[in-house]
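K.L.:
The structure file upload37.txt (compact mmCIF, N, CA and C atoms) is provided below.
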```
# COMPACT_ATOMS: atom_id res chain seq x y z
N MET A 22 60.97 -52.90 -70.16
CA MET A 22 60.73 -53.99 -71.08
C MET A 22 60.06 -53.47 -72.35
N THR A 23 60.09 -52.19 -72.54
CA THR A 23 59.50 -51.61 -73.72
C THR A 23 60.56 -50.85 -74.49
N ALA A 24 60.18 -50.40 -75.66
CA ALA A 24 61.10 -49.61 -76.47
C ALA A 24 61.45 -48.29 -75.80
N ALA A 25 60.70 -47.92 -74.77
CA ALA A 25 60.94 -46.66 -74.06
C ALA A 25 62.24 -46.70 -73.27
N GLY A 26 62.73 -47.87 -72.95
CA GLY A 26 63.99 -47.96 -72.24
C GLY A 26 64.01 -49.08 -71.22
N PRO A 27 65.13 -49.16 -70.52
CA PRO A 27 65.31 -50.26 -69.58
C PRO A 27 64.47 -50.11 -68.31
N LEU A 28 64.29 -51.24 -67.65
CA LEU A 28 63.62 -51.28 -66.36
C LEU A 28 64.58 -50.79 -65.28
N PRO A 29 64.05 -50.37 -64.13
CA PRO A 29 64.95 -50.12 -63.00
C PRO A 29 65.69 -51.42 -62.67
N ARG A 30 66.94 -51.31 -62.27
CA ARG A 30 67.77 -52.50 -62.02
C ARG A 30 67.12 -53.48 -61.05
N ASP A 31 66.43 -52.97 -60.05
CA ASP A 31 65.85 -53.87 -59.04
C ASP A 31 64.62 -54.63 -59.53
N ARG A 32 64.16 -54.35 -60.75
CA ARG A 32 63.00 -55.07 -61.32
C ARG A 32 63.38 -56.03 -62.43
N ARG A 33 64.63 -56.07 -62.79
CA ARG A 33 65.05 -56.89 -63.94
C ARG A 33 64.92 -58.39 -63.69
N VAL A 34 65.38 -58.88 -62.55
CA VAL A 34 65.30 -60.32 -62.28
C VAL A 34 63.84 -60.76 -62.29
N ALA A 35 62.95 -59.98 -61.67
CA ALA A 35 61.53 -60.33 -61.65
C ALA A 35 60.95 -60.35 -63.06
N ALA A 36 61.37 -59.42 -63.90
CA ALA A 36 60.86 -59.37 -65.28
C ALA A 36 61.36 -60.57 -66.08
N ILE A 37 62.61 -60.94 -65.88
CA ILE A 37 63.16 -62.12 -66.56
C ILE A 37 62.41 -63.37 -66.11
N ARG A 38 62.23 -63.52 -64.79
CA ARG A 38 61.50 -64.67 -64.24
C ARG A 38 60.08 -64.74 -64.83
N ALA A 39 59.39 -63.61 -64.85
CA ALA A 39 58.00 -63.59 -65.34
C ALA A 39 57.94 -64.00 -66.81
N ALA A 40 58.86 -63.50 -67.62
CA ALA A 40 58.85 -63.84 -69.05
C ALA A 40 59.11 -65.33 -69.26
N LEU A 41 60.06 -65.89 -68.51
CA LEU A 41 60.39 -67.31 -68.66
C LEU A 41 59.29 -68.21 -68.10
N GLN A 42 58.67 -67.80 -67.01
CA GLN A 42 57.56 -68.59 -66.47
C GLN A 42 56.39 -68.60 -67.44
N ALA A 43 56.09 -67.47 -68.04
CA ALA A 43 54.98 -67.40 -68.99
C ALA A 43 55.24 -68.25 -70.23
N ALA A 44 56.47 -68.27 -70.69
CA ALA A 44 56.80 -68.98 -71.93
C ALA A 44 56.97 -70.48 -71.75
N PHE A 45 57.50 -70.90 -70.59
CA PHE A 45 57.91 -72.29 -70.45
C PHE A 45 57.27 -73.07 -69.31
N ALA A 46 56.52 -72.45 -68.42
CA ALA A 46 55.95 -73.13 -67.25
C ALA A 46 57.00 -74.06 -66.63
N PRO A 47 58.14 -73.51 -66.24
CA PRO A 47 59.25 -74.34 -65.79
C PRO A 47 58.97 -75.08 -64.48
N THR A 48 59.61 -76.25 -64.35
CA THR A 48 59.54 -76.98 -63.09
C THR A 48 60.62 -76.50 -62.14
N ALA A 49 61.64 -75.85 -62.68
CA ALA A 49 62.69 -75.23 -61.88
C ALA A 49 63.17 -73.99 -62.62
N LEU A 50 63.42 -72.92 -61.87
CA LEU A 50 63.89 -71.69 -62.48
C LEU A 50 64.69 -70.90 -61.47
N GLU A 51 65.91 -70.57 -61.84
CA GLU A 51 66.76 -69.71 -61.03
C GLU A 51 67.30 -68.61 -61.93
N VAL A 52 67.14 -67.38 -61.51
CA VAL A 52 67.67 -66.23 -62.24
C VAL A 52 68.55 -65.46 -61.27
N ARG A 53 69.78 -65.24 -61.67
CA ARG A 53 70.72 -64.52 -60.81
C ARG A 53 71.30 -63.32 -61.56
N ASP A 54 71.35 -62.19 -60.90
CA ASP A 54 71.96 -60.98 -61.44
C ASP A 54 73.43 -61.00 -61.06
N ASP A 55 74.29 -61.17 -62.03
CA ASP A 55 75.74 -61.19 -61.81
C ASP A 55 76.40 -59.89 -62.25
N SER A 56 75.62 -58.85 -62.42
CA SER A 56 76.15 -57.58 -62.93
C SER A 56 77.29 -57.05 -62.07
N HIS A 57 77.19 -57.21 -60.77
CA HIS A 57 78.23 -56.70 -59.86
C HIS A 57 79.60 -57.32 -60.15
N ARG A 58 79.61 -58.49 -60.72
CA ARG A 58 80.88 -59.16 -61.04
C ARG A 58 81.53 -58.60 -62.29
N HIS A 59 80.82 -57.72 -62.99
CA HIS A 59 81.31 -57.18 -64.26
C HIS A 59 81.45 -55.66 -64.21
N ALA A 60 81.50 -55.11 -63.02
CA ALA A 60 81.65 -53.66 -62.88
C ALA A 60 82.89 -53.19 -63.63
N GLY A 61 82.73 -52.16 -64.42
CA GLY A 61 83.84 -51.63 -65.20
C GLY A 61 84.04 -52.32 -66.53
N HIS A 62 83.34 -53.40 -66.78
CA HIS A 62 83.42 -54.13 -68.05
C HIS A 62 82.91 -53.21 -69.16
N ALA A 63 83.65 -53.10 -70.23
CA ALA A 63 83.30 -52.18 -71.31
C ALA A 63 81.89 -52.42 -71.84
N GLY A 64 81.49 -53.68 -71.95
CA GLY A 64 80.17 -53.99 -72.50
C GLY A 64 79.03 -53.66 -71.58
N ALA A 65 79.31 -53.46 -70.30
CA ALA A 65 78.25 -53.18 -69.33
C ALA A 65 78.06 -51.68 -69.10
N GLN A 66 78.83 -50.86 -69.76
CA GLN A 66 78.77 -49.41 -69.54
C GLN A 66 77.45 -48.80 -70.01
N ASP A 67 76.71 -49.50 -70.83
CA ASP A 67 75.43 -48.95 -71.31
C ASP A 67 74.31 -49.18 -70.29
N GLY A 68 74.63 -49.80 -69.14
CA GLY A 68 73.66 -49.98 -68.08
C GLY A 68 72.93 -51.30 -68.09
N ARG A 69 73.08 -52.06 -69.17
CA ARG A 69 72.43 -53.37 -69.20
C ARG A 69 73.20 -54.33 -68.30
N GLY A 70 72.55 -55.42 -67.86
CA GLY A 70 73.14 -56.31 -66.88
C GLY A 70 73.60 -57.65 -67.40
N HIS A 71 74.28 -58.36 -66.51
CA HIS A 71 74.76 -59.71 -66.75
C HIS A 71 73.92 -60.65 -65.88
N PHE A 72 73.34 -61.66 -66.50
CA PHE A 72 72.43 -62.56 -65.77
C PHE A 72 72.77 -64.02 -66.05
N ASP A 73 72.42 -64.85 -65.07
CA ASP A 73 72.61 -66.29 -65.15
C ASP A 73 71.25 -66.95 -64.97
N VAL A 74 70.87 -67.82 -65.90
CA VAL A 74 69.57 -68.49 -65.85
C VAL A 74 69.76 -70.00 -65.88
N GLU A 75 69.12 -70.67 -64.92
CA GLU A 75 69.01 -72.13 -64.93
C GLU A 75 67.53 -72.43 -64.99
N ILE A 76 67.12 -73.18 -66.02
CA ILE A 76 65.70 -73.44 -66.23
C ILE A 76 65.49 -74.88 -66.66
N ALA A 77 64.44 -75.49 -66.11
CA ALA A 77 64.04 -76.85 -66.50
C ALA A 77 62.58 -76.79 -66.93
N SER A 78 62.29 -77.32 -68.11
CA SER A 78 60.93 -77.29 -68.64
C SER A 78 60.73 -78.42 -69.65
N GLU A 79 59.51 -78.96 -69.64
CA GLU A 79 59.15 -79.96 -70.66
C GLU A 79 59.20 -79.36 -72.06
N ALA A 80 59.08 -78.04 -72.15
CA ALA A 80 59.11 -77.37 -73.46
C ALA A 80 60.43 -77.58 -74.18
N PHE A 81 61.48 -77.95 -73.46
CA PHE A 81 62.78 -78.15 -74.08
C PHE A 81 62.99 -79.57 -74.60
N ALA A 82 62.05 -80.47 -74.34
CA ALA A 82 62.18 -81.85 -74.80
C ALA A 82 62.30 -81.88 -76.32
N GLY A 83 63.29 -82.61 -76.80
CA GLY A 83 63.48 -82.76 -78.24
C GLY A 83 64.21 -81.61 -78.90
N LEU A 84 64.54 -80.57 -78.15
CA LEU A 84 65.25 -79.42 -78.73
C LEU A 84 66.75 -79.55 -78.50
N SER A 85 67.53 -79.13 -79.47
CA SER A 85 68.98 -79.09 -79.31
C SER A 85 69.34 -77.98 -78.32
N PRO A 86 70.55 -78.00 -77.77
CA PRO A 86 70.95 -76.91 -76.88
C PRO A 86 70.82 -75.53 -77.55
N LEU A 87 71.19 -75.43 -78.81
CA LEU A 87 71.08 -74.16 -79.51
C LEU A 87 69.62 -73.72 -79.62
N ALA A 88 68.73 -74.64 -79.94
CA ALA A 88 67.31 -74.31 -80.05
C ALA A 88 66.74 -73.89 -78.70
N ARG A 89 67.20 -74.51 -77.63
CA ARG A 89 66.76 -74.12 -76.29
C ARG A 89 67.18 -72.69 -75.98
N HIS A 90 68.42 -72.35 -76.30
CA HIS A 90 68.91 -71.00 -76.06
C HIS A 90 68.13 -69.98 -76.89
N ARG A 91 67.88 -70.32 -78.14
CA ARG A 91 67.10 -69.40 -78.99
C ARG A 91 65.70 -69.20 -78.43
N ALA A 92 65.11 -70.25 -77.90
CA ALA A 92 63.77 -70.14 -77.32
C ALA A 92 63.78 -69.21 -76.10
N VAL A 93 64.82 -69.31 -75.29
CA VAL A 93 64.94 -68.42 -74.13
C VAL A 93 65.10 -66.98 -74.59
N TYR A 94 65.99 -66.74 -75.56
CA TYR A 94 66.16 -65.39 -76.09
C TYR A 94 64.83 -64.84 -76.62
N ASP A 95 64.11 -65.66 -77.37
CA ASP A 95 62.82 -65.22 -77.92
C ASP A 95 61.83 -64.88 -76.80
N ALA A 96 61.81 -65.70 -75.74
CA ALA A 96 60.89 -65.45 -74.64
C ALA A 96 61.22 -64.15 -73.92
N LEU A 97 62.49 -63.78 -73.88
CA LEU A 97 62.88 -62.55 -73.20
C LEU A 97 62.64 -61.31 -74.05
N GLY A 98 62.48 -61.49 -75.33
CA GLY A 98 62.08 -60.40 -76.22
C GLY A 98 62.89 -59.13 -76.05
N ASP A 99 62.20 -58.02 -75.81
CA ASP A 99 62.83 -56.70 -75.71
C ASP A 99 63.83 -56.59 -74.57
N LEU A 100 63.68 -57.42 -73.54
CA LEU A 100 64.64 -57.37 -72.43
C LEU A 100 66.07 -57.60 -72.93
N MET A 101 66.21 -58.40 -73.99
CA MET A 101 67.54 -58.65 -74.54
C MET A 101 68.17 -57.38 -75.10
N ALA A 102 67.36 -56.47 -75.57
CA ALA A 102 67.88 -55.22 -76.14
C ALA A 102 67.98 -54.10 -75.12
N THR A 103 67.09 -54.11 -74.13
CA THR A 103 67.02 -52.97 -73.21
C THR A 103 67.68 -53.21 -71.86
N ASP A 104 67.72 -54.44 -71.38
CA ASP A 104 68.14 -54.70 -70.01
C ASP A 104 69.24 -55.74 -69.84
N ILE A 105 69.44 -56.60 -70.83
CA ILE A 105 70.39 -57.70 -70.70
C ILE A 105 71.55 -57.50 -71.66
N HIS A 106 72.75 -57.43 -71.09
CA HIS A 106 73.96 -57.35 -71.90
C HIS A 106 74.52 -58.75 -72.16
N ALA A 107 74.54 -59.57 -71.10
CA ALA A 107 75.08 -60.93 -71.21
C ALA A 107 74.16 -61.88 -70.46
N LEU A 108 73.98 -63.07 -71.03
CA LEU A 108 73.08 -64.05 -70.44
C LEU A 108 73.71 -65.43 -70.52
N SER A 109 73.92 -66.04 -69.37
CA SER A 109 74.39 -67.42 -69.29
C SER A 109 73.14 -68.29 -69.11
N ILE A 110 72.99 -69.31 -69.95
CA ILE A 110 71.78 -70.13 -69.92
C ILE A 110 72.15 -71.60 -69.75
N ARG A 111 71.47 -72.26 -68.80
CA ARG A 111 71.50 -73.70 -68.68
C ARG A 111 70.05 -74.14 -68.75
N ALA A 112 69.66 -74.65 -69.92
CA ALA A 112 68.28 -75.05 -70.17
C ALA A 112 68.22 -76.56 -70.33
N ARG A 113 67.34 -77.19 -69.56
CA ARG A 113 67.23 -78.65 -69.58
C ARG A 113 65.77 -79.06 -69.42
N THR A 114 65.50 -80.33 -69.60
CA THR A 114 64.19 -80.87 -69.30
C THR A 114 64.16 -81.22 -67.81
N PRO A 115 62.98 -81.46 -67.24
CA PRO A 115 62.93 -81.87 -65.83
C PRO A 115 63.70 -83.17 -65.57
N ALA A 116 63.86 -84.01 -66.60
CA ALA A 116 64.62 -85.26 -66.45
C ALA A 116 66.13 -85.01 -66.43
N GLY A 117 66.53 -83.80 -66.71
CA GLY A 117 67.96 -83.47 -66.65
C GLY A 117 68.69 -83.48 -67.96
N ASP A 118 68.02 -83.80 -69.05
CA ASP A 118 68.71 -83.82 -70.35
C ASP A 118 68.52 -82.52 -71.09
```
Could the structure of this file be written out as structure tokens, please?

P.N.:
Amino acid sequence: MTAAGPLPRDRRVAAIRAALQAAFAPTALEVRDDSHRHAGHAGAQDGRGHFDVEIASEAFAGLSPLARHRAVYDALGDLMATDIHALSIRARTPAGD
């Protein structure tokens, strides 16, 4: 999670979870590593992974879907450059909107 390079693959999901929990205090959070589904994909050859995030937080209230995605990217910071190649995001409020 630093400029020094990527995390070991087995620590990436935990690092993503920790960053999102710290930023959003979510009421629900699921992080899945889907990298195995993209083996051989040209974009994954640099070692970064493919992840799926479902998150519910009051912090998303009043934000557009695009603003929610930008907030998630911002919360993940350097992980987006060092560890994450692709990220699927479903960000909602606890009420489901």

K.L.:
Mind the document's chain letters and residue numbers, and return as a PyMOL selection string the residues of chain A that DSSP labels helix (DSSP H, G or I).

P.N.:
chain A and resi 30-45+56-59+63-65+79-81+86-97+100-103

K.L.:
Could you write out, as a list in words, all the residues of chain A that DSSP marks as strand (DSSP E)?

P.N.:
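Residues of chain A classed as strand (DSSP E): Ala49, Leu50, Glu51, Val52, Arg53, Asp54, Gly70, His71, Phe72, Asp73, Val74, Glu75, Ile76, Ala77, Ile105, His106, Ala107, Leu108, Ser109, Ile110, Arg111, Ala112 and Arg113 of chain A.
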
K.L.:
Hey, can you pull every residue with an atom no more than 12 Å from (66.4, -81.2, -70.3), using only C-alpha atoms, and send it as a PyMOL selection string?

P.N.:
chain A and resi 47-49+75-86+88-90+111-118

K.L.:
Within 6 Å of Leu108 of chain A, counting all atoms listed in the file, which residues show up once you throw out same-chain ones fewer than 4 positions away? Write them as a list in words, please.

P.N.:
His71, Phe72, Asp73 and Val74 of chain A

K.L.:
Would you mind reading off the distance between atom N of Pro27 of chain A and atom C of Leu87 of chain A, one decimal, in Å?

P.N.:
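Separating atom N of Pro27 of chain A from atom C of Leu87 of chain A is a distance of 26.6 Å.
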
K.L.:
In Å to one decimal, how far is atom CA of Arg91 of chain A from atom CA of Pro29 of chain A?

P.N.:
25.1 Å

K.L.:
Under the rule that only N, CA and C atoms are counted, which of A:Gly70, A:Leu97, A:Leu28, A:Arg53 is the nearest residue to Ala40 of chain A?

P.N.:
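Counting only N, CA and C atoms, the residue closest to Ala40 of chain A is A:Leu97.
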
K.L.:
Restricting the calculation to only C-alpha atoms: of A:Leu50, A:Ile37, A:Ala43, A:Arg69, which residue gets closest to Ala102 of chain A?

P.N.:
A:Arg69

K.L.:
Go ahead and compute the interatomic distance for atom C of Met101 of chain A and atom N of Ala36 of chain A, in Å to one decimal.

P.N.:
13.3 Å

K.L.:
Tell me which protein, DNA and RNA residues are within 7 Å of Ala96 of chain A, counting all atoms listed in the file, leaving out same-chain ones fewer than 3 positions away, and put them as a list in words.

P.N.:
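Neighbouring residues, sequence-local ones excluded: Ala40, Leu41, Ala44, Arg91, Ala92, Val93 and Asp99 of chain A.
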